[in-house]
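As provided, target-v6.pdb (PDB, C-alpha atoms and all ligand atoms) reads as follows.
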MODEL        1
ATOM      1  CA  MET A  82    -150.997 -20.028  42.488  1.00  0.00           C
ATOM      2  CA  LYS A  83    -150.989 -21.775  39.147  1.00  0.00           C
ATOM      3  CA  PHE A  84    -151.660 -25.520  39.343  1.00  0.00           C
ATOM      4  CA  ILE A  85    -150.753 -27.664  36.336  1.00  0.00           C
ATOM      5  CA  LYS A  86    -151.834 -31.301  36.452  1.00  0.00           C
ATOM      6  CA  VAL A  87    -150.415 -33.706  33.897  1.00  0.00           C
ATOM      7  CA  ASP A  88    -150.666 -37.454  33.486  1.00  0.00           C
ATOM      8  CA  THR A  89    -147.035 -38.514  33.233  1.00  0.00           C
ATOM      9  CA  TYR A  90    -143.742 -37.773  34.919  1.00  0.00           C
ATOM     10  CA  ASP A  91    -142.270 -37.109  31.489  1.00  0.00           C
ATOM     11  CA  LYS A  92    -144.758 -34.276  30.875  1.00  0.00           C
ATOM     12  CA  LEU A  93    -144.131 -32.874  34.362  1.00  0.00           C
ATOM     13  CA  SER A  94    -140.401 -32.843  33.616  1.00  0.00           C
ATOM     14  CA  SER A  95    -140.903 -31.187  30.205  1.00  0.00           C
ATOM     15  CA  ILE A  96    -143.048 -28.420  31.671  1.00  0.00           C
ATOM     16  CA  ALA A  97    -140.664 -27.795  34.576  1.00  0.00           C
ATOM     17  CA  ALA A  98    -137.634 -27.775  32.252  1.00  0.00           C
ATOM     18  CA  GLY A  99    -139.489 -25.382  29.932  1.00  0.00           C
ATOM     19  CA  ILE A 100    -140.134 -22.948  32.790  1.00  0.00           C
ATOM     20  CA  ILE A 101    -136.496 -23.061  33.934  1.00  0.00           C
ATOM     21  CA  ALA A 102    -135.283 -22.747  30.334  1.00  0.00           C
ATOM     22  CA  ALA A 103    -137.440 -19.658  29.810  1.00  0.00           C
ATOM     23  CA  GLN A 104    -135.913 -18.122  32.937  1.00  0.00           C
ATOM     24  CA  VAL A 105    -132.365 -18.757  31.674  1.00  0.00           C
ATOM     25  CA  ILE A 106    -133.185 -17.364  28.218  1.00  0.00           C
ATOM     26  CA  LEU A 107    -134.861 -14.232  29.631  1.00  0.00           C
ATOM     27  CA  LYS A 108    -132.067 -13.515  32.119  1.00  0.00           C
ATOM     28  CA  SER A 109    -128.811 -15.226  31.214  1.00  0.00           C
ATOM     29  CA  ASP A 110    -127.184 -14.300  34.554  1.00  0.00           C
ATOM     30  CA  CYS A 111    -130.135 -15.467  36.648  1.00  0.00           C
ATOM     31  CA  VAL A 112    -129.911 -17.077  40.077  1.00  0.00           C
ATOM     32  CA  LEU A 113    -131.548 -20.498  40.093  1.00  0.00           C
ATOM     33  CA  GLY A 114    -132.509 -22.091  43.397  1.00  0.00           C
ATOM     34  CA  LEU A 115    -132.197 -25.849  42.922  1.00  0.00           C
ATOM     35  CA  ALA A 116    -133.413 -28.975  44.686  1.00  0.00           C
ATOM     36  CA  THR A 117    -132.308 -32.597  44.880  1.00  0.00           C
ATOM     37  CA  GLY A 118    -134.408 -35.740  45.404  1.00  0.00           C
ATOM     38  CA  SER A 119    -136.145 -37.904  42.831  1.00  0.00           C
ATOM     39  CA  SER A 120    -138.636 -35.322  41.545  1.00  0.00           C
ATOM     40  CA  PRO A 121    -136.185 -33.068  39.628  1.00  0.00           C
ATOM     41  CA  LEU A 122    -134.228 -35.871  37.924  1.00  0.00           C
ATOM     42  CA  GLY A 123    -136.367 -35.760  34.763  1.00  0.00           C
ATOM     43  CA  THR A 124    -136.295 -31.967  34.720  1.00  0.00           C
ATOM     44  CA  TYR A 125    -132.498 -31.960  34.979  1.00  0.00           C
ATOM     45  CA  SER A 126    -132.129 -34.476  32.205  1.00  0.00           C
ATOM     46  CA  LYS A 127    -134.402 -32.383  29.941  1.00  0.00           C
ATOM     47  CA  LEU A 128    -132.405 -29.244  30.735  1.00  0.00           C
ATOM     48  CA  ALA A 129    -129.222 -31.104  29.790  1.00  0.00           C
ATOM     49  CA  GLU A 130    -130.874 -32.187  26.538  1.00  0.00           C
ATOM     50  CA  LYS A 131    -131.797 -28.565  25.755  1.00  0.00           C
ATOM     51  CA  TYR A 132    -128.207 -27.564  26.449  1.00  0.00           C
ATOM     52  CA  ARG A 133    -126.876 -30.287  24.127  1.00  0.00           C
ATOM     53  CA  ASN A 134    -129.280 -29.125  21.412  1.00  0.00           C
ATOM     54  CA  GLY A 135    -127.861 -25.619  21.670  1.00  0.00           C
ATOM     55  CA  GLU A 136    -131.068 -24.133  23.111  1.00  0.00           C
ATOM     56  CA  LEU A 137    -129.578 -23.063  26.441  1.00  0.00           C
ATOM     57  CA  ASP A 138    -126.419 -21.394  27.721  1.00  0.00           C
ATOM     58  CA  PHE A 139    -125.746 -21.686  31.455  1.00  0.00           C
ATOM     59  CA  SER A 140    -122.337 -19.973  31.390  1.00  0.00           C
ATOM     60  CA  ARG A 141    -123.581 -16.926  33.329  1.00  0.00           C
ATOM     61  CA  VAL A 142    -126.092 -18.716  35.565  1.00  0.00           C
ATOM     62  CA  ILE A 143    -125.552 -18.938  39.312  1.00  0.00           C
ATOM     63  CA  SER A 144    -127.161 -21.746  41.288  1.00  0.00           C
ATOM     64  CA  VAL A 145    -127.866 -22.046  44.991  1.00  0.00           C
ATOM     65  CA  ASN A 146    -129.069 -25.339  46.348  1.00  0.00           C
ATOM     66  CA  LEU A 147    -131.579 -25.778  49.114  1.00  0.00           C
ATOM     67  CA  ASP A 148    -129.844 -28.200  51.400  1.00  0.00           C
ATOM     68  CA  GLU A 149    -127.112 -30.647  52.308  1.00  0.00           C
ATOM     69  CA  TYR A 150    -126.688 -33.465  54.800  1.00  0.00           C
ATOM     70  CA  VAL A 151    -124.606 -32.637  57.856  1.00  0.00           C
ATOM     71  CA  GLY A 152    -121.260 -34.426  57.853  1.00  0.00           C
ATOM     72  CA  LEU A 153    -121.166 -35.358  54.153  1.00  0.00           C
ATOM     73  CA  ASP A 154    -118.731 -33.656  51.817  1.00  0.00           C
ATOM     74  CA  GLY A 155    -118.991 -33.423  48.044  1.00  0.00           C
ATOM     75  CA  SER A 156    -116.897 -36.542  47.446  1.00  0.00           C
ATOM     76  CA  CYS A 157    -119.496 -38.698  49.202  1.00  0.00           C
ATOM     77  CA  ASP A 158    -121.967 -40.090  46.689  1.00  0.00           C
ATOM     78  CA  GLN A 159    -124.886 -39.531  49.094  1.00  0.00           C
ATOM     79  CA  SER A 160    -124.184 -35.826  49.434  1.00  0.00           C
ATOM     80  CA  TYR A 161    -126.372 -33.345  47.633  1.00  0.00           C
ATOM     81  CA  ARG A 162    -123.268 -31.661  46.173  1.00  0.00           C
ATOM     82  CA  TYR A 163    -122.402 -34.993  44.524  1.00  0.00           C
ATOM     83  CA  PHE A 164    -126.010 -35.378  43.338  1.00  0.00           C
ATOM     84  CA  MET A 165    -125.992 -31.948  41.691  1.00  0.00           C
ATOM     85  CA  ASP A 166    -122.565 -32.402  40.112  1.00  0.00           C
ATOM     86  CA  ASN A 167    -123.565 -35.734  38.631  1.00  0.00           C
ATOM     87  CA  ASN A 168    -127.190 -35.167  37.700  1.00  0.00           C
ATOM     88  CA  LEU A 169    -126.986 -31.654  36.331  1.00  0.00           C
ATOM     89  CA  PHE A 170    -123.799 -29.637  36.535  1.00  0.00           C
ATOM     90  CA  CYS A 171    -121.592 -32.093  34.627  1.00  0.00           C
ATOM     91  CA  ASN A 172    -124.161 -32.167  31.812  1.00  0.00           C
ATOM     92  CA  ILE A 173    -124.451 -28.414  31.203  1.00  0.00           C
ATOM     93  CA  ASN A 174    -121.987 -25.523  30.828  1.00  0.00           C
ATOM     94  CA  ILE A 175    -122.558 -23.918  34.224  1.00  0.00           C
ATOM     95  CA  ALA A 176    -119.248 -22.818  35.790  1.00  0.00           C
ATOM     96  CA  ARG A 177    -118.677 -25.047  38.812  1.00  0.00           C
ATOM     97  CA  GLU A 178    -117.546 -22.035  40.843  1.00  0.00           C
ATOM     98  CA  ASN A 179    -120.976 -20.510  40.220  1.00  0.00           C
ATOM     99  CA  THR A 180    -122.752 -23.448  41.882  1.00  0.00           C
ATOM    100  CA  TYR A 181    -123.398 -23.250  45.600  1.00  0.00           C
ATOM    101  CA  VAL A 182    -124.584 -25.917  48.037  1.00  0.00           C
ATOM    102  CA  PRO A 183    -124.625 -25.312  51.810  1.00  0.00           C
ATOM    103  CA  ASN A 184    -121.536 -26.812  53.418  1.00  0.00           C
ATOM    104  CA  GLY A 185    -122.723 -29.686  55.624  1.00  0.00           C
ATOM    105  CA  CYS A 186    -119.183 -30.133  56.945  1.00  0.00           C
ATOM    106  CA  ALA A 187    -118.799 -26.577  58.228  1.00  0.00           C
ATOM    107  CA  GLU A 188    -117.524 -26.523  61.791  1.00  0.00           C
ATOM    108  CA  ASP A 189    -119.955 -23.783  62.715  1.00  0.00           C
ATOM    109  CA  LEU A 190    -123.244 -24.533  60.953  1.00  0.00           C
ATOM    110  CA  LYS A 191    -124.884 -21.416  62.354  1.00  0.00           C
ATOM    111  CA  ALA A 192    -122.208 -19.222  60.805  1.00  0.00           C
ATOM    112  CA  GLU A 193    -122.453 -21.223  57.571  1.00  0.00           C
ATOM    113  CA  GLY A 194    -126.216 -20.590  57.484  1.00  0.00           C
ATOM    114  CA  LEU A 195    -125.775 -16.897  58.096  1.00  0.00           C
ATOM    115  CA  ALA A 196    -123.115 -16.606  55.395  1.00  0.00           C
ATOM    116  CA  TYR A 197    -125.325 -18.553  52.935  1.00  0.00           C
ATOM    117  CA  ASP A 198    -128.254 -16.182  53.496  1.00  0.00           C
ATOM    118  CA  GLN A 199    -126.030 -13.122  53.209  1.00  0.00           C
ATOM    119  CA  PHE A 200    -124.560 -14.487  49.998  1.00  0.00           C
ATOM    120  CA  ILE A 201    -128.006 -15.071  48.459  1.00  0.00           C
ATOM    121  CA  SER A 202    -129.094 -11.617  49.469  1.00  0.00           C
ATOM    122  CA  LYS A 203    -125.916 -10.097  47.939  1.00  0.00           C
ATOM    123  CA  LEU A 204    -126.780 -11.845  44.680  1.00  0.00           C
ATOM    124  CA  GLY A 205    -130.082  -9.969  44.747  1.00  0.00           C
ATOM    125  CA  GLY A 206    -132.066 -13.030  45.781  1.00  0.00           C
ATOM    126  CA  ILE A 207    -133.209 -16.036  43.799  1.00  0.00           C
ATOM    127  CA  ASP A 208    -134.953 -15.502  40.458  1.00  0.00           C
ATOM    128  CA  LEU A 209    -136.567 -18.923  40.239  1.00  0.00           C
ATOM    129  CA  GLN A 210    -136.652 -21.476  43.070  1.00  0.00           C
ATOM    130  CA  LEU A 211    -137.310 -25.115  42.191  1.00  0.00           C
ATOM    131  CA  LEU A 212    -138.862 -27.121  45.035  1.00  0.00           C
ATOM    132  CA  GLY A 213    -140.009 -30.660  45.687  1.00  0.00           C
ATOM    133  CA  ILE A 214    -142.284 -31.458  48.605  1.00  0.00           C
ATOM    134  CA  GLY A 215    -141.860 -34.102  51.303  1.00  0.00           C
ATOM    135  CA  LEU A 216    -144.710 -36.338  52.412  1.00  0.00           C
ATOM    136  CA  ASP A 217    -144.786 -34.371  55.673  1.00  0.00           C
ATOM    137  CA  GLY A 218    -144.951 -31.079  53.757  1.00  0.00           C
ATOM    138  CA  HIS A 219    -141.291 -30.151  54.086  1.00  0.00           C
ATOM    139  CA  ILE A 220    -139.679 -27.854  51.529  1.00  0.00           C
ATOM    140  CA  GLY A 221    -135.910 -27.852  51.489  1.00  0.00           C
ATOM    141  CA  PHE A 222    -135.484 -29.621  54.817  1.00  0.00           C
ATOM    142  CA  ASN A 223    -137.775 -27.259  56.689  1.00  0.00           C
ATOM    143  CA  GLU A 224    -139.575 -29.922  58.670  1.00  0.00           C
ATOM    144  CA  PRO A 225    -142.928 -29.512  60.486  1.00  0.00           C
ATOM    145  CA  ASP A 226    -142.345 -27.483  63.634  1.00  0.00           C
ATOM    146  CA  GLU A 227    -143.894 -24.916  65.954  1.00  0.00           C
ATOM    147  CA  ALA A 228    -142.640 -21.988  63.868  1.00  0.00           C
ATOM    148  CA  PHE A 229    -141.337 -21.226  60.386  1.00  0.00           C
ATOM    149  CA  VAL A 230    -137.562 -20.706  60.549  1.00  0.00           C
ATOM    150  CA  PRO A 231    -136.387 -17.768  58.395  1.00  0.00           C
ATOM    151  CA  GLU A 232    -132.624 -18.457  58.353  1.00  0.00           C
ATOM    152  CA  THR A 233    -130.565 -21.193  56.758  1.00  0.00           C
ATOM    153  CA  HIS A 234    -130.204 -23.564  59.690  1.00  0.00           C
ATOM    154  CA  GLU A 235    -129.391 -27.031  60.945  1.00  0.00           C
ATOM    155  CA  VAL A 236    -132.324 -29.432  61.248  1.00  0.00           C
ATOM    156  CA  VAL A 237    -132.942 -32.840  62.705  1.00  0.00           C
ATOM    157  CA  LEU A 238    -134.694 -34.805  59.991  1.00  0.00           C
ATOM    158  CA  ASP A 239    -138.154 -36.134  60.631  1.00  0.00           C
ATOM    159  CA  PRO A 240    -138.349 -39.965  60.910  1.00  0.00           C
ATOM    160  CA  SER A 241    -140.663 -39.978  57.846  1.00  0.00           C
ATOM    161  CA  THR A 242    -138.044 -38.054  55.839  1.00  0.00           C
ATOM    162  CA  ILE A 243    -135.327 -40.503  56.896  1.00  0.00           C
ATOM    163  CA  GLU A 244    -137.643 -43.349  55.871  1.00  0.00           C
ATOM    164  CA  ALA A 245    -138.377 -41.730  52.484  1.00  0.00           C
ATOM    165  CA  ASN A 246    -134.694 -41.031  51.792  1.00  0.00           C
ATOM    166  CA  ALA A 247    -133.659 -44.576  52.708  1.00  0.00           C
ATOM    167  CA  ARG A 248    -134.691 -45.598  49.196  1.00  0.00           C
ATOM    168  CA  PHE A 249    -131.450 -44.050  47.923  1.00  0.00           C
ATOM    169  CA  LEU A 250    -129.326 -46.160  50.333  1.00  0.00           C
ATOM    170  CA  ALA A 251    -128.790 -49.768  51.332  1.00  0.00           C
ATOM    171  CA  SER A 252    -130.511 -49.218  54.677  1.00  0.00           C
ATOM    172  CA  LYS A 253    -132.293 -46.641  56.814  1.00  0.00           C
ATOM    173  CA  ASP A 254    -129.333 -46.546  59.231  1.00  0.00           C
ATOM    174  CA  GLN A 255    -127.168 -45.013  56.508  1.00  0.00           C
ATOM    175  CA  VAL A 256    -129.383 -41.929  56.070  1.00  0.00           C
ATOM    176  CA  PRO A 257    -127.847 -38.971  57.872  1.00  0.00           C
ATOM    177  CA  THR A 258    -130.154 -37.677  60.589  1.00  0.00           C
ATOM    178  CA  LYS A 259    -129.261 -33.992  60.296  1.00  0.00           C
ATOM    179  CA  ALA A 260    -129.128 -31.520  57.470  1.00  0.00           C
ATOM    180  CA  ILE A 261    -128.544 -27.849  56.821  1.00  0.00           C
ATOM    181  CA  THR A 262    -131.351 -26.208  54.890  1.00  0.00           C
ATOM    182  CA  MET A 263    -132.148 -22.879  53.358  1.00  0.00           C
ATOM    183  CA  GLY A 264    -134.726 -21.231  55.568  1.00  0.00           C
ATOM    184  CA  MET A 265    -138.075 -19.780  54.642  1.00  0.00           C
ATOM    185  CA  ARG A 266    -136.843 -16.220  54.086  1.00  0.00           C
ATOM    186  CA  SER A 267    -134.643 -16.923  51.060  1.00  0.00           C
ATOM    187  CA  ILE A 268    -137.268 -19.310  49.678  1.00  0.00           C
ATOM    188  CA  MET A 269    -140.144 -16.850  50.124  1.00  0.00           C
ATOM    189  CA  GLN A 270    -138.071 -13.964  48.739  1.00  0.00           C
ATOM    190  CA  ALA A 271    -137.449 -15.861  45.497  1.00  0.00           C
ATOM    191  CA  LYS A 272    -139.136 -13.976  42.693  1.00  0.00           C
ATOM    192  CA  ARG A 273    -140.803 -17.111  41.342  1.00  0.00           C
ATOM    193  CA  ILE A 274    -141.341 -20.572  42.740  1.00  0.00           C
ATOM    194  CA  LEU A 275    -141.793 -23.798  40.800  1.00  0.00           C
ATOM    195  CA  LEU A 276    -142.859 -26.795  42.884  1.00  0.00           C
ATOM    196  CA  ILE A 277    -142.936 -30.221  41.296  1.00  0.00           C
ATOM    197  CA  ALA A 278    -144.608 -33.274  42.808  1.00  0.00           C
ATOM    198  CA  ASN A 279    -144.835 -36.704  41.322  1.00  0.00           C
ATOM    199  CA  GLY A 280    -147.025 -39.684  42.240  1.00  0.00           C
ATOM    200  CA  ALA A 281    -150.418 -40.203  43.879  1.00  0.00           C
ATOM    201  CA  LYS A 282    -148.698 -40.388  47.275  1.00  0.00           C
ATOM    202  CA  LYS A 283    -148.090 -36.620  47.088  1.00  0.00           C
ATOM    203  CA  LYS A 284    -151.753 -35.719  46.444  1.00  0.00           C
ATOM    204  CA  GLU A 285    -152.849 -35.498  50.075  1.00  0.00           C
ATOM    205  CA  ILE A 286    -149.956 -33.299  51.189  1.00  0.00           C
ATOM    206  CA  LEU A 287    -150.429 -31.004  48.173  1.00  0.00           C
ATOM    207  CA  GLU A 288    -154.070 -30.521  49.161  1.00  0.00           C
ATOM    208  CA  LYS A 289    -153.072 -29.746  52.748  1.00  0.00           C
ATOM    209  CA  ALA A 290    -150.287 -27.394  51.695  1.00  0.00           C
ATOM    210  CA  PHE A 291    -152.201 -25.365  49.138  1.00  0.00           C
ATOM    211  CA  TYR A 292    -155.818 -25.604  50.298  1.00  0.00           C
ATOM    212  CA  GLY A 293    -155.437 -26.099  54.052  1.00  0.00           C
ATOM    213  CA  PRO A 294    -154.536 -23.647  56.799  1.00  0.00           C
ATOM    214  CA  ILE A 295    -151.137 -21.920  56.691  1.00  0.00           C
ATOM    215  CA  THR A 296    -149.204 -23.552  59.510  1.00  0.00           C
ATOM    216  CA  PRO A 297    -145.563 -24.433  60.270  1.00  0.00           C
ATOM    217  CA  PHE A 298    -146.798 -27.971  60.881  1.00  0.00           C
ATOM    218  CA  VAL A 299    -147.241 -28.116  57.082  1.00  0.00           C
ATOM    219  CA  PRO A 300    -144.159 -26.102  56.046  1.00  0.00           C
ATOM    220  CA  ALA A 301    -145.105 -25.833  52.345  1.00  0.00           C
ATOM    221  CA  SER A 302    -148.359 -24.096  53.328  1.00  0.00           C
ATOM    222  CA  ILE A 303    -146.340 -20.861  53.662  1.00  0.00           C
ATOM    223  CA  LEU A 304    -146.205 -20.842  49.847  1.00  0.00           C
ATOM    224  CA  GLN A 305    -149.864 -19.759  49.844  1.00  0.00           C
ATOM    225  CA  LEU A 306    -148.472 -16.336  50.783  1.00  0.00           C
ATOM    226  CA  HIS A 307    -146.083 -16.176  47.814  1.00  0.00           C
ATOM    227  CA  PRO A 308    -147.317 -14.145  44.829  1.00  0.00           C
ATOM    228  CA  ASP A 309    -145.853 -16.317  42.038  1.00  0.00           C
ATOM    229  CA  VAL A 310    -146.015 -20.073  42.608  1.00  0.00           C
ATOM    230  CA  THR A 311    -146.472 -22.694  39.901  1.00  0.00           C
ATOM    231  CA  VAL A 312    -147.167 -26.269  40.974  1.00  0.00           C
ATOM    232  CA  VAL A 313    -146.722 -29.049  38.434  1.00  0.00           C
ATOM    233  CA  TYR A 314    -148.196 -32.358  39.553  1.00  0.00           C
ATOM    234  CA  SER A 315    -148.353 -35.747  37.926  1.00  0.00           C
ATOM    235  CA  GLU A 316    -150.350 -38.473  39.595  1.00  0.00           C
ATOM    236  CA  ASN A 317    -148.357 -41.193  37.792  1.00  0.00           C
TER     237      ASN A 317
HETATM  238  C1  LIG A 401    -134.216 -31.840  48.362  1.00  0.00           C
HETATM  239  C2  LIG A 401    -135.284 -31.207  49.088  1.00  0.00           C
HETATM  240  C3  LIG A 401    -136.465 -31.951  49.572  1.00  0.00           C
HETATM  241  C4  LIG A 401    -137.143 -32.784  48.476  1.00  0.00           C
HETATM  242  C5  LIG A 401    -138.343 -33.539  49.055  1.00  0.00           C
HETATM  243  C6  LIG A 401    -139.035 -34.373  48.008  1.00  0.00           C
HETATM  244  O1  LIG A 401    -133.200 -30.897  48.039  1.00  0.00           O
HETATM  245  O2  LIG A 401    -135.167 -30.053  49.319  1.00  0.00           O
HETATM  246  O3  LIG A 401    -137.384 -31.035  50.100  1.00  0.00           O
HETATM  247  O4  LIG A 401    -137.573 -31.926  47.456  1.00  0.00           O
HETATM  248  O5  LIG A 401    -137.894 -34.376  50.076  1.00  0.00           O
HETATM  249  O6  LIG A 401    -138.178 -35.386  47.613  1.00  0.00           O
HETATM  250  P1  LIG A 401    -138.522 -36.337  46.367  1.00  0.00           P
HETATM  251  O7  LIG A 401    -138.460 -35.472  45.149  1.00  0.00           O
HETATM  252  O8  LIG A 401    -137.422 -37.347  46.379  1.00  0.00           O
HETATM  253  O9  LIG A 401    -139.877 -36.891  46.616  1.00  0.00           O
ENDMDL
END
Render the structure in this file as structure tokens.
Amino acid sequence: MKFIKVDTYDKLSSIAAGIIAAQVILKSDCVLGLATGSSPLGTYSKLAEKYRNGELDFSRVISVNLDEYVGLDGSCDQSYRYFMDNNLFCNINIARENTYVPNGCAEDLKAEGLAYDQFISKLGGIDLQLLGIGLDGHIGFNEPDEAFVPETHEVVLDPSTIEANARFLASKDQVPTKAITMGMRSIMQAKRILLIANGAKKKEILEKAFYGPITPFVPASILQLHPDVTVVYSEN
């Protein structure tokens, strides 16, 4: 694992955008695994800047997102599809039909999860997976549990995750309580992983995840078993 500590969110975002940019330049038809949340916002805006400056071409890139709330479709401004469209996809030249987010409105979420995994595997897997980390150690929405779940699956969000995500809404009651998330298999089979974490509040969970025991009660700890993980952390 490579651990890069910087002193500002701006530097974190520049480094993360640089790593993703290098991936796109080296393999123009790469598969990017993408995340939502507050951590990648700076990274996405720097990628858009690189695109505007003519440094990057996303026309052959395929993206697969980690997760989506159950019951929200892309027209809802709290959905992760909406987040991606508005914070990244509309600012770069990726073809919208090449961007994939699990369908949180699928009637059969189990079948949706299976199809999502099969699709990723047909693409040849993910070249570079961007991750954030929750205060409880979740990656995607793989919450602490008795076992790591390999498949893309439906999850009941942890109360601490609902609390953390309430900052994007008027109240906690508006945060959906269920999500569909990529499971550990597709994440762990990604060729490279880039995890970004911002703020002193993430320090303790990073220590647990990367220097503590590997346990499904700290989902990100599974990343200790991945051969190519870069963590970029800014305390501020
Ligand atoms: C979002 C996701 C989550 C977030 C995590 C951290 O797609 O998969 O695991 O990365 O909740 O969120 P922020 O960045 O808002 O602290």
Of A:Leu209, A:Glu285, A:Tyr90, A:His234, the one sitting nearest Ala196 in chain A when using all atoms listed in the file is A:His234
So which residues are near ligand LIG 401 (chain A), meaning at most 10 Å away with all atoms listed in the file counted, given back as a compact mmCIF listing (two decimals) with C-alpha atoms, in the coordinates of the input?
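And here is the file that came out, pocket36.txt:
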# COMPACT_ATOMS: atom_id res chain seq x y z
CA GLY A 114 -132.51 -22.09 43.40
CA LEU A 115 -132.20 -25.85 42.92
CA ALA A 116 -133.41 -28.98 44.69
CA THR A 117 -132.31 -32.60 44.88
CA GLY A 118 -134.41 -35.74 45.40
CA SER A 119 -136.15 -37.90 42.83
CA SER A 120 -138.64 -35.32 41.54
CA PRO A 121 -136.18 -33.07 39.63
CA LEU A 122 -134.23 -35.87 37.92
CA ASN A 146 -129.07 -25.34 46.35
CA LEU A 147 -131.58 -25.78 49.11
CA ASP A 148 -129.84 -28.20 51.40
CA GLU A 149 -127.11 -30.65 52.31
CA TYR A 150 -126.69 -33.47 54.80
CA TYR A 161 -126.37 -33.34 47.63
CA PHE A 164 -126.01 -35.38 43.34
CA MET A 165 -125.99 -31.95 41.69
CA VAL A 182 -124.58 -25.92 48.04
CA LEU A 211 -137.31 -25.12 42.19
CA LEU A 212 -138.86 -27.12 45.04
CA GLY A 213 -140.01 -30.66 45.69
CA ILE A 214 -142.28 -31.46 48.60
CA GLY A 215 -141.86 -34.10 51.30
CA LEU A 216 -144.71 -36.34 52.41
CA ASP A 217 -144.79 -34.37 55.67
CA GLY A 218 -144.95 -31.08 53.76
CA HIS A 219 -141.29 -30.15 54.09
CA ILE A 220 -139.68 -27.85 51.53
CA GLY A 221 -135.91 -27.85 51.49
CA PHE A 222 -135.48 -29.62 54.82
CA ASN A 223 -137.78 -27.26 56.69
CA GLU A 224 -139.57 -29.92 58.67
CA SER A 241 -140.66 -39.98 57.85
CA THR A 242 -138.04 -38.05 55.84
CA ILE A 243 -135.33 -40.50 56.90
CA ALA A 245 -138.38 -41.73 52.48
CA ASN A 246 -134.69 -41.03 51.79
CA ARG A 248 -134.69 -45.60 49.20
CA PHE A 249 -131.45 -44.05 47.92
CA THR A 262 -131.35 -26.21 54.89
CA MET A 263 -132.15 -22.88 53.36
CA LEU A 276 -142.86 -26.80 42.88
CA ILE A 277 -142.94 -30.22 41.30
CA ALA A 278 -144.61 -33.27 42.81
CA ASN A 279 -144.84 -36.70 41.32
CA GLY A 280 -147.02 -39.68 42.24
CA LYS A 282 -148.70 -40.39 47.28
CA LYS A 283 -148.09 -36.62 47.09
CA ALA A 301 -145.10 -25.83 52.34
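For the file shown, the residue list from the PyMOL selection byres (((chain A and resi 227) around 12) and not hetatm) reads Asn223, Glu224, Pro225, Asp226, Ala228, Phe229, Val230, Thr296, Pro297, Phe298, Val299 and Pro300 of chain A.
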Please determine, counting all atoms listed in the file, which residue among A:Lys253, A:Arg133, A:Arg273, A:Lys92 has the shortest atom-to-atom distance to Asn172 in chain A.
A:Arg133
Using all atoms listed in the file, which residue out of A:Ile85, A:Val312, A:Leu137, A:Ile261 lies closest to Gln104 in chain A?
A:Leu137
Between A:Tyr197, A:Tyr181, A:Tyr314, A:Tyr125, which residue has the minimum interatomic distance to Asn168 in chain A, considering all atoms listed in the file?
A:Tyr125
Pull out every residue that the PyMOL selection byres (((chain A and resi 126) around 10) and not hetatm) matches in the shown coordinates and put them as a PyMOL selection string.
chain A and resi 94-95+98+121-125+127-132+168-169+172-173
Once you have the residues from the selection above, write them out as a compact mmCIF listing (two decimals), keeping the file's coordinate frame, restricted to C-alpha atoms.
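Final output, out22.txt:
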# COMPACT_ATOMS: atom_id res chain seq x y z
CA SER A 94 -140.40 -32.84 33.62
CA SER A 95 -140.90 -31.19 30.20
CA ALA A 98 -137.63 -27.78 32.25
CA PRO A 121 -136.18 -33.07 39.63
CA LEU A 122 -134.23 -35.87 37.92
CA GLY A 123 -136.37 -35.76 34.76
CA THR A 124 -136.29 -31.97 34.72
CA TYR A 125 -132.50 -31.96 34.98
CA LYS A 127 -134.40 -32.38 29.94
CA LEU A 128 -132.40 -29.24 30.74
CA ALA A 129 -129.22 -31.10 29.79
CA GLU A 130 -130.87 -32.19 26.54
CA LYS A 131 -131.80 -28.56 25.76
CA TYR A 132 -128.21 -27.56 26.45
CA ASN A 168 -127.19 -35.17 37.70
CA LEU A 169 -126.99 -31.65 36.33
CA ASN A 172 -124.16 -32.17 31.81
CA ILE A 173 -124.45 -28.41 31.20
Separation of CA of Arg177 in chain A from CA of Asp154 in chain A, in Å and rounded to one decimal
15.6 Å
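What the PyMOL selection byres (((chain A and resi 236) around 7) and not hetatm) matches in the given file is A:His234, A:Glu235, A:Val237, A:Leu238, A:Lys259, A:Ala260, A:Ile261.
Closest approach to Arg266 in chain A among A:Cys111, A:Cys171, A:Ile286, A:Ile303 is made by A:Ile303 (distances from all atoms listed in the file).
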So which residues touch Asp110 in chain A within 8 Å, counting only C-alpha atoms, skipping near sequence neighbours fewer than 6 positions away, as a ChimeraX atom specification?
/A:141-143
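Between CA of Asp158 in chain A and CA of Thr180 in chain A the interatomic distance comes to 17.3 Å.
With all atoms listed in the file as the atoms that count, the residue of A:Asp208, A:Lys86, A:Asp189, A:Ser156 with the shortest distance to Lys108 in chain A is A:Asp208.
Shell of Phe84 in chain A at 12 Å, with only C-alpha atoms counted and residues fewer than 3 places along the chain excluded, is Val87, Leu93, Ile96, Ile274, Leu275, Leu276, Ile277, Ala278, Leu287, Glu288, Phe291, Tyr292, Asp309, Val310, Thr311, Val312, Val313, Tyr314 and Ser315 of chain A.
Computed from the coordinates, the CA of Ser144 in chain A to CA of Asp239 in chain A distance equals 26.5 Å.
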Which centre and edge lengths in Å to one decimal define the box along x, y and z that fits every listed atom of range 165-178 of chain A plus 8 Å per side, as lines of an AutoDock Vina configuration file?
center_x = -122.4
center_y = -28.9
center_z = 36.3
size_x = 25.6
size_y = 29.7
size_z = 26.9
